[in-house]
Amino acid sequence: MDDLIKKAAEDIAAARQVTALTGAGISVESGIPPFRGKGGLWEKIDPMEYAHIDAFSRDPEKVWEVLIKGMKDILDTAEPNDAHKGLARLEKFGKLKTIITQNVDGLHQTAGSTDVIEFHGNFAWQRCTDCGDRCRTSDISMEKIPPRCHCGGIYRPDCVFFGEMIPPDALLRSRTLAMSCDVMLVMGTSAMVQPAAYMPVLARENGARVIEINPEPTPLTGHISDYIIQGSGGVVMNGIIARLEGLS
Ligand code: APR
């Protein structure tokens, strides 16, 4: 793994513009379970029954009880780990321009990254399904489930449920950055969900070097990625940052 970490540091140092695509795996070291694979949330509950917009519309109380309440408990106390901090350092080095994240935990921003595209929205905010009023998730009273707005409408997280559109501005900007970067770091994602998983394909098609950081291979490995560093995000990012500091 060390030689690949050294290679990644050299590729990043030589890059004009690095874009990162991140997924749930880089928040695992912050205590947030992933969706797929070992300990994955979707191994326990069916996403189509709890994370699809039709399921929420049909029974918001059930979705709040089974999915959203648990997410709030975990996200309320989660802190950034070395993977998030390493990406924030890359931005300070002037190498990493933007992070396209599928995560809704806001940990990239907490770690200091300033240009984060939230491809699947953000769990920090709730919005009323009737009047559109927005309220911080941390300010929502959980006494009554589902929580209701002063107008009587039901709150929902400002995240993208399955069956919903990716926010158009997030999608368009991500495509532009995927096609214009010369290195794409793909970290902690199983690359199973579209259109997020198409960003590395776009990057590759436009001549970028695609580097995966993940303990496990994904459908991108060997086809779209130039190489995969099979390790955890925090350990690999610490290695890359250490070598970049050695190079400068
Ligand atoms: N460091 C890096 N990667 C890790 C780590 C770690 N410490 N631990 C696990 N991983 C990897 C797993 O090997 C897996 O490939 O992270 C990936 C997590 O995959 P998923 O749980 O599928 O998360 P993600 O790819 O972000 O899911 C995409 O699916 O359910 C929807 O909206 C949800 O945004 C999510 C989307």
# chains A, B, ... in the order shown; residues from 1 in each chain; ligands from 1
call {"tool": "residues_near_ligand", "arguments": {"ligand": "ligand 1", "cutoff": "7 Å", "atoms": "only C-alpha atoms and all ligand atoms", "output": "ChimeraX atom specification"}}
result
/A:22-26,28-29,34-37,40,102-103,120,187-193,213-216,218,231-234
call {"tool": "residues_around", "arguments": {"residues": "Ile240 in chain A", "least_positions_apart": "4", "cutoff": "7 Å", "atoms": "only C-alpha atoms", "output": "VMD selection string"}}
result
chain A and resid 5 to 6 8 to 9 236 244
call {"tool": "select_by_dssp", "arguments": {"residues": "range 130-160 of chain A", "states": "strand (DSSP E)", "output": "ChimeraX atom specification"}}
result
/A:134-136,155-159
call {"tool": "write_last_selection", "arguments": {"atoms": "N, CA and C atoms", "output": "compact mmCIF listing (two decimals), in the first residue's frame"}}
result
# COMPACT_ATOMS: atom_id res chain seq x y z
N ARG A 134 -37.90 26.03 6.92
CA ARG A 134 -36.74 25.21 7.20
C ARG A 134 -36.33 25.37 8.66
N CYS A 135 -35.86 24.28 9.24
CA CYS A 135 -35.48 24.32 10.65
C CYS A 135 -34.28 23.40 10.85
N ARG A 136 -33.32 23.79 11.70
CA ARG A 136 -32.16 22.93 11.95
C ARG A 136 -32.62 21.62 12.59
N TYR A 155 -42.37 17.75 9.11
CA TYR A 155 -40.98 18.04 8.67
C TYR A 155 -40.38 16.80 7.99
N ARG A 156 -39.47 17.06 7.04
CA ARG A 156 -38.69 15.97 6.40
C ARG A 156 -37.26 16.47 6.28
N PRO A 157 -36.28 15.55 6.31
CA PRO A 157 -34.89 15.99 6.18
C PRO A 157 -34.63 16.58 4.80
N ASP A 158 -33.68 17.54 4.74
CA ASP A 158 -33.35 18.18 3.46
C ASP A 158 -32.42 17.29 2.65
N CYS A 159 -32.65 15.97 2.72
CA CYS A 159 -31.82 15.00 1.99
C CYS A 159 -32.61 14.49 0.79
call {"tool": "select_by_dssp", "arguments": {"residues": "range 18-236 of chain A", "states": "alpha helix (DSSP H)", "output": "number ranges by chain"}}
result
A: 47-50, 53-58, 60-63, 69-77, 82-92, 107-111, 168-180, 199-205, 233-236
call {"tool": "residues_around", "arguments": {"residues": "Leu220 in chain A", "least_positions_apart": "2", "cutoff": "9 Å", "atoms": "only C-alpha atoms", "output": "number ranges by chain"}}
result
A: 190-191, 197, 200-201, 212, 217-218, 222-225
call {"tool": "write_last_selection", "arguments": {"atoms": "C-alpha atoms", "output": "compact mmCIF listing (two decimals), in the first residue's frame"}}
result
# COMPACT_ATOMS: atom_id res chain seq x y z
CA SER A 190 -19.37 1.44 -3.17
CA ALA A 191 -20.12 3.18 -6.50
CA ALA A 197 -21.15 6.82 -9.42
CA PRO A 200 -15.59 9.01 -11.99
CA VAL A 201 -16.62 7.68 -15.44
CA GLU A 212 -9.88 4.91 -5.41
CA PRO A 217 -12.80 -3.06 -4.64
CA THR A 218 -15.89 -1.61 -6.33
CA GLY A 222 -10.00 -2.27 -12.84
CA HIS A 223 -12.34 -0.54 -15.31
CA ILE A 224 -12.52 3.17 -14.48
CA SER A 225 -10.02 3.62 -11.65
call {"tool": "closest_residue", "arguments": {"among": "A:Arg89, A:Arg243, A:Lys72, A:Arg175", "to": "Trp125 in chain A", "atoms": "only C-alpha atoms"}}
result
A:Lys72
call {"tool": "closest_atom_pairs", "arguments": {"of": "range 85-169 of chain A", "to": "range 47-61 of chain A", "cutoff": "6 Å", "atoms": "only C-alpha atoms", "output": "tab-separated table"}}
result
residue	atom	partner	partner_atom	distance
A:Ile145	CA	A:Glu61	CA	5.9
A:Pro146	CA	A:Glu61	CA	5.0
A:Phe161	CA	A:His52	CA	5.2
A:Phe162	CA	A:His52	CA	4.4
A:Gly163	CA	A:Ile53	CA	5.9
call {"tool": "write_last_selection", "arguments": {"atoms": "N, CA and C atoms", "output": "short mmCIF file (atom, residue, chain, number, x, y, z; two decimals), in the first residue's frame"}}
result
data_model
loop_
_atom_site.label_atom_id
_atom_site.label_comp_id
_atom_site.auth_asym_id
_atom_site.auth_seq_id
_atom_site.Cartn_x
_atom_site.Cartn_y
_atom_site.Cartn_z
N ILE A 145 -43.66 12.26 17.10
CA ILE A 145 -43.13 11.72 15.83
C ILE A 145 -44.30 11.48 14.89
N PRO A 146 -44.37 11.98 13.67
CA PRO A 146 -43.32 12.81 13.07
C PRO A 146 -43.41 14.25 13.59
N PHE A 161 -34.22 11.57 -1.02
CA PHE A 161 -34.68 10.18 -0.84
C PHE A 161 -34.49 9.44 -2.18
N PHE A 162 -34.44 8.13 -2.11
CA PHE A 162 -34.53 7.36 -3.36
C PHE A 162 -35.81 7.77 -4.06
N GLY A 163 -35.76 7.85 -5.39
CA GLY A 163 -36.97 8.25 -6.15
C GLY A 163 -37.08 9.75 -6.34
#
call {"tool": "closest_residue", "arguments": {"among": "A:Lys85, A:His150, A:Arg173, A:Arg204", "to": "Ile241 in chain A", "atoms": "only C-alpha atoms"}}
result
A:Lys85
